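K.L.:
My structure is in model.pdb, and what it holds is PDB, C-alpha atoms:
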ATOM      1  CA  MET A   1      80.365 122.068 108.589
ATOM      2  CA  ILE A   2      82.201 124.813 106.740
ATOM      3  CA  VAL A   3      85.993 124.573 106.724
ATOM      4  CA  TYR A   4      88.784 126.676 105.338
ATOM      5  CA  ALA A   5      91.367 124.218 103.958
ATOM      6  CA  ASP A   6      95.044 125.011 104.247
ATOM      7  CA  ALA A   7      97.759 123.295 102.232
ATOM      8  CA  SER A   8      98.551 120.787 104.977
ATOM      9  CA  LEU A   9      95.086 119.286 104.417
ATOM     10  CA  LEU A  10      95.120 119.643 100.634
ATOM     11  CA  VAL A  11      98.516 118.128  99.826
ATOM     12  CA  PRO A  12      97.872 114.681 101.336
ATOM     13  CA  ILE A  13      94.585 114.404  99.448
ATOM     14  CA  PHE A  14      96.418 114.618  96.115
ATOM     15  CA  ALA A  15      99.900 113.277  96.950
ATOM     16  CA  VAL A  16     100.381 110.365  99.314
ATOM     17  CA  ASP A  17     102.079 111.275 102.589
ATOM     18  CA  ALA A  18     101.779 110.590 106.330
ATOM     19  CA  PHE A  19      98.446 112.441 106.569
ATOM     20  CA  THR A  20      96.705 110.966 103.510
ATOM     21  CA  VAL A  21      94.535 108.463 105.382
ATOM     22  CA  ARG A  22      93.371 111.080 107.909
ATOM     23  CA  ALA A  23      92.803 113.744 105.239
ATOM     24  CA  MET A  24      90.727 111.408 103.089
ATOM     25  CA  ALA A  25      88.748 110.162 106.103
ATOM     26  CA  PHE A  26      87.926 113.742 107.095
ATOM     27  CA  VAL A  27      86.852 114.852 103.626
ATOM     28  CA  ARG A  28      84.797 111.716 102.975
ATOM     29  CA  GLY A  29      83.430 111.304 106.488
ATOM     30  CA  ALA A  30      82.591 114.847 107.535
ATOM     31  CA  ARG A  31      81.640 115.930 104.002
ATOM     32  CA  PRO A  32      82.440 119.527 104.853
ATOM     33  CA  THR A  33      81.776 122.524 102.674
ATOM     34  CA  VAL A  34      85.359 123.394 101.746
ATOM     35  CA  LEU A  35      86.437 126.993 101.254
ATOM     36  CA  LEU A  36      89.549 127.135  99.101
ATOM     37  CA  SER A  37      91.471 130.378  98.863
ATOM     38  CA  ASP A  38      93.701 131.456  96.046
ATOM     39  CA  PHE A  39      96.440 131.671  98.690
ATOM     40  CA  ALA A  40      95.983 128.068  99.868
ATOM     41  CA  ALA A  41      95.902 126.918  96.233
ATOM     42  CA  ALA A  42      99.250 128.650  95.657
ATOM     43  CA  GLU A  43     100.679 127.008  98.785
ATOM     44  CA  PHE A  44      99.398 123.637  97.531
ATOM     45  CA  ALA A  45     101.079 124.173  94.148
ATOM     46  CA  SER A  46     104.313 125.167  95.874
ATOM     47  CA  ALA A  47     104.304 122.047  98.060
ATOM     48  CA  ILE A  48     103.614 119.701  95.137
ATOM     49  CA  ALA A  49     106.282 121.384  92.983
ATOM     50  CA  ARG A  50     108.770 121.073  95.845
ATOM     51  CA  LYS A  51     108.005 117.359  96.198
ATOM     52  CA  ALA A  52     108.726 116.945  92.479
ATOM     53  CA  ARG A  53     111.946 119.000  92.597
ATOM     54  CA  THR A  54     113.257 116.995  95.557
ATOM     55  CA  GLY A  55     112.331 113.653  94.000
ATOM     56  CA  ALA A  56     109.701 112.806  96.617
ATOM     57  CA  ILE A  57     107.251 112.362  93.736
ATOM     58  CA  SER A  58     107.757 112.075  89.998
ATOM     59  CA  ALA A  59     107.036 114.913  87.589
ATOM     60  CA  ASP A  60     104.158 112.857  86.202
ATOM     61  CA  ASP A  61     102.731 112.425  89.700
ATOM     62  CA  ALA A  62     103.014 116.171  90.280
ATOM     63  CA  LEU A  63     101.209 116.950  87.040
ATOM     64  CA  SER A  64      98.528 114.435  87.967
ATOM     65  CA  ALA A  65      98.174 116.016  91.424
ATOM     66  CA  PHE A  66      97.753 119.450  89.816
ATOM     67  CA  ALA A  67      95.110 118.154  87.389
ATOM     68  CA  ASN A  68      93.209 116.264  90.093
ATOM     69  CA  PHE A  69      93.361 119.271  92.423
ATOM     70  CA  ASP A  70      92.057 121.598  89.697
ATOM     71  CA  ALA A  71      89.152 119.263  88.919
ATOM     72  CA  TRP A  72      88.331 118.845  92.609
ATOM     73  CA  ALA A  73      88.504 122.605  93.226
ATOM     74  CA  VAL A  74      85.936 123.251  90.497
ATOM     75  CA  ALA A  75      83.582 120.472  91.591
ATOM     76  CA  GLN A  76      83.976 120.372  95.369
ATOM     77  CA  ALA A  77      85.243 123.669  96.759
ATOM     78  CA  ALA A  78      84.098 127.246  96.998
ATOM     79  CA  ARG A  79      86.901 129.485  95.728
ATOM     80  CA  ILE A  80      87.735 132.523  97.850
ATOM     81  CA  GLN A  81      90.198 135.341  97.251
ATOM     82  CA  VAL A  82      92.493 136.954  99.769
ATOM     83  CA  ALA A  83      91.172 140.354 100.813
ATOM     84  CA  PRO A  84      93.379 143.270 101.856
ATOM     85  CA  ALA A  85      91.844 143.041 105.326
ATOM     86  CA  ASP A  86      93.145 139.454 105.616
ATOM     87  CA  VAL A  87      96.718 140.662 105.187
ATOM     88  CA  SER A  88      96.173 143.474 107.693
ATOM     89  CA  SER A  89      94.727 141.050 110.236
ATOM     90  CA  ALA A  90      97.577 138.634 109.619
ATOM     91  CA  GLU A  91     100.114 141.355 110.308
ATOM     92  CA  GLY A  92      98.492 141.955 113.686
ATOM     93  CA  PHE A  93      98.547 138.240 114.451
ATOM     94  CA  VAL A  94     102.233 137.941 113.554
ATOM     95  CA  ARG A  95     103.055 140.880 115.824
ATOM     96  CA  ARG A  96     101.656 138.921 118.759
ATOM     97  CA  LEU A  97     104.858 137.387 120.018
ATOM     98  CA  ASP A  98     103.021 134.805 122.108
ATOM     99  CA  LEU A  99     101.621 133.088 118.987
ATOM    100  CA  ASN A 100     104.817 132.130 117.107
ATOM    101  CA  LEU A 101     103.100 132.569 113.731
ATOM    102  CA  ARG A 102     104.587 132.841 110.275
ATOM    103  CA  ALA A 103     102.899 135.226 107.847
ATOM    104  CA  PRO A 104     101.440 132.504 105.560
ATOM    105  CA  ASP A 105      99.825 130.741 108.518
ATOM    106  CA  ALA A 106      98.498 134.039 109.844
ATOM    107  CA  ILE A 107      96.918 134.815 106.455
ATOM    108  CA  ASN A 108      95.182 131.433 106.434
ATOM    109  CA  ILE A 109      93.844 132.025 109.956
ATOM    110  CA  ALA A 110      92.690 135.538 109.074
ATOM    111  CA  MET A 111      90.801 134.198 106.069
ATOM    112  CA  ALA A 112      89.127 131.435 108.072
ATOM    113  CA  MET A 113      88.068 133.969 110.679
ATOM    114  CA  ARG A 114      86.712 136.439 108.117
ATOM    115  CA  LEU A 115      84.720 133.670 106.463
ATOM    116  CA  GLY A 116      83.391 132.243 109.735
ATOM    117  CA  ALA A 117      84.851 128.838 108.909
ATOM    118  CA  ASP A 118      86.756 126.332 110.990
ATOM    119  CA  LEU A 119      90.408 126.056 109.995
ATOM    120  CA  ALA A 120      91.226 122.593 108.621
ATOM    121  CA  THR A 121      94.941 122.010 109.136
ATOM    122  CA  PHE A 122      97.379 119.340 110.253
ATOM    123  CA  ASP A 123      99.799 122.074 111.385
ATOM    124  CA  GLU A 124      99.517 121.895 115.180
ATOM    125  CA  ARG A 125     101.340 125.187 115.785
ATOM    126  CA  MET A 126      98.951 126.989 113.460
ATOM    127  CA  ALA A 127      95.944 125.243 115.039
ATOM    128  CA  GLU A 128      97.050 126.350 118.513
ATOM    129  CA  ALA A 129      97.454 129.935 117.337
ATOM    130  CA  ALA A 130      94.053 129.826 115.631
ATOM    131  CA  ARG A 131      92.402 128.642 118.832
ATOM    132  CA  ALA A 132      94.163 131.379 120.821
ATOM    133  CA  LEU A 133      92.747 133.922 118.364
ATOM    134  CA  GLY A 134      89.223 132.530 118.716
ATOM    135  CA  CYS A 135      89.124 130.731 115.363
ATOM    136  CA  GLY A 136      87.478 127.330 115.260
ATOM    137  CA  VAL A 137      89.666 124.392 114.254
ATOM    138  CA  ALA A 138      88.301 121.274 112.562
ATOM    139  CA  ASP A 139      88.962 117.977 114.285
ATOM    140  CA  LEU A 140      91.037 116.100 111.746
TER     141      LEU A 140
END
For the file at hand, write its structure as structure tokens.

P.N.:
Amino acid sequence: MIVYADASLLVPIFAVDAFTVRAMAFVRGARPTVLLSDFAAAEFASAIARKARTGAISADDALSAFANFDAWAVAQAARIQVAPADVSSAEGFVRRLDLNLRAPDAINIAMAMRLGADLATFDERMAEAARALGCGVADL
């Protein structure tokens, strides 16, 4: 199974939250080939930094999450870069008023579609939009 991981899957792997048990079970159980984009990595960093700024995790925990993520990304994920076509596709998706998509979610979907991967996300709204666009969604 090849999956494109968005930040909602990545964050609970490296910082404990409500989805940690499910995220870990998916990664360990399904043993997917994980495609990690530079965009999703930036979203991950943003989410961890926000948790630290708001006091949800300590600065030390944030730094540990960054280090563990970086090590995991090198050893376990295939790094992918956003392509200009991904942004163009995302713009088209966002213009579809029936999908209720934000640009970051649309970019993640566009990348998963371009790569032929299932989208791995805990974001139900994004998963619904992905399915409507014909993108596979991993069962987390």

K.L.:
Taking into account all atoms listed in the file, which residue in the set A:Val21, A:Leu36, A:Ile80, A:Leu101 is nearest to Asp6 in chain A?

P.N.:
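Looking at the shortest contact to Asp6 in chain A, the residue is A:Leu36.
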
K.L.:
Between A:Arg114, A:Asp98, A:Asn68, A:Phe44, which residue has the minimum interatomic distance to Pro84 in chain A, considering only C-alpha atoms?

P.N.:
A:Arg114

K.L.:
What would the selection look like, as a PyMOL selection string, if the PyMOL selection byres ((chain A and resi 3) around 8) were run on the coordinates I just shared?

P.N.:
chain A and resi 1-2+4-5+32-35+112+117-120+138

K.L.:
Determine the nearest neighbour of Ser89 in chain A from the options A:Leu133, A:Ile13, A:Ala49, A:Ala62, counting all atoms listed in the file.

P.N.:
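Going through A:Leu133, A:Ile13, A:Ala49, A:Ala62 one by one, the smallest distance to Ser89 in chain A is for A:Leu133.
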
K.L.:
What would the selection look like, as a ChimeraX atom specification, if the PyMOL selection byres ((chain A and resi 11) around 12) were run on the coordinates I just shared?

P.N.:
/A:5-10,12-24,40-51,62,65-66,68-69,121-122

K.L.:
Enumerate, as a list in words, the residues matched when the PyMOL selection byres ((chain A and resi 103) around 9) is run on the file above.

P.N.:
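This file gives the following for the PyMOL selection byres ((chain A and resi 103) around 9): Val87, Ala90, Glu91, Phe93, Val94, Leu101, Arg102, Pro104, Asp105, Ala106, Ile107 and Asn108 of chain A.
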
K.L.:
For the atom pair CA of Ser37 in chain A and CA of Val74 in chain A, what is the interatomic distance in Å to one decimal place?

P.N.:
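Rounded to one decimal, the two atoms are 12.3 Å apart.
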
K.L.:
Do you have the CA of Ala78 in chain A-CA of Phe26 in chain A distance handy?

P.N.:
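CA of Phe26 in chain A lies 17.3 Å from CA of Ala78 in chain A.
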
K.L.:
How many Å lie between CA of Ile109 in chain A and CA of Gln76 in chain A, rounded to one decimal?

P.N.:
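That distance, rounded to one decimal, is 21.1 Å.
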
K.L.:
Can you work out which one of A:Ala71, A:Ala85, A:Ala77, A:Ile57 has the shortest atom-to-atom distance to Val27 in chain A, counting only C-alpha atoms?

P.N.:
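Closest residue, counting only C-alpha atoms: A:Ala77.
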
K.L.:
Point out the residue among A:Gly55, A:Gly92, A:Gly29, A:Gly116 with the least atom-to-atom distance to Cys135 in chain A, counting all atoms listed in the file.

P.N.:
A:Gly116

K.L.:
Taking all atoms listed in the file into account, which of A:Leu115, A:Val137, A:Asp60, A:Arg31 comes nearest Gln81 in chain A?

P.N.:
A:Leu115

K.L.:
Taking the block above, write range 93-122 of chain A with C-alpha atoms as a PDB file, in the first residue's frame.

P.N.:
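Produced file decode.pdb, reproduced below:
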ATOM      1  CA  PHE A  93     -10.413  21.815  -6.494  1.00  0.00           C
ATOM      2  CA  VAL A  94     -10.880  24.863  -4.266  1.00  0.00           C
ATOM      3  CA  ARG A  95     -13.036  26.517  -6.929  1.00  0.00           C
ATOM      4  CA  ARG A  96     -15.458  23.603  -6.684  1.00  0.00           C
ATOM      5  CA  LEU A  97     -17.876  25.062  -4.190  1.00  0.00           C
ATOM      6  CA  ASP A  98     -19.410  21.677  -3.414  1.00  0.00           C
ATOM      7  CA  LEU A  99     -16.154  20.421  -1.840  1.00  0.00           C
ATOM      8  CA  ASN A 100     -15.591  22.973   0.959  1.00  0.00           C
ATOM      9  CA  LEU A 101     -11.804  22.669   0.629  1.00  0.00           C
ATOM     10  CA  ARG A 102      -9.069  24.888   1.980  1.00  0.00           C
ATOM     11  CA  ALA A 103      -6.013  25.402  -0.217  1.00  0.00           C
ATOM     12  CA  PRO A 104      -3.602  23.354   1.965  1.00  0.00           C
ATOM     13  CA  ASP A 105      -5.954  20.364   1.937  1.00  0.00           C
ATOM     14  CA  ALA A 106      -6.450  20.707  -1.809  1.00  0.00           C
ATOM     15  CA  ILE A 107      -2.671  20.697  -2.355  1.00  0.00           C
ATOM     16  CA  ASN A 108      -2.336  17.502  -0.322  1.00  0.00           C
ATOM     17  CA  ILE A 109      -5.110  15.845  -2.347  1.00  0.00           C
ATOM     18  CA  ALA A 110      -3.587  16.999  -5.633  1.00  0.00           C
ATOM     19  CA  MET A 111      -0.239  15.518  -4.638  1.00  0.00           C
ATOM     20  CA  ALA A 112      -1.763  12.192  -3.611  1.00  0.00           C
ATOM     21  CA  MET A 113      -3.614  12.022  -6.909  1.00  0.00           C
ATOM     22  CA  ARG A 114      -0.541  12.883  -8.986  1.00  0.00           C
ATOM     23  CA  LEU A 115       1.460  10.219  -7.178  1.00  0.00           C
ATOM     24  CA  GLY A 116      -1.255   7.561  -7.434  1.00  0.00           C
ATOM     25  CA  ALA A 117      -1.281   7.143  -3.661  1.00  0.00           C
ATOM     26  CA  ASP A 118      -4.098   6.828  -1.172  1.00  0.00           C
ATOM     27  CA  LEU A 119      -4.461   9.886   1.046  1.00  0.00           C
ATOM     28  CA  ALA A 120      -3.756   9.057   4.702  1.00  0.00           C
ATOM     29  CA  THR A 121      -5.577  11.622   6.825  1.00  0.00           C
ATOM     30  CA  PHE A 122      -7.694  11.895   9.950  1.00  0.00           C
TER      31      PHE A 122
END
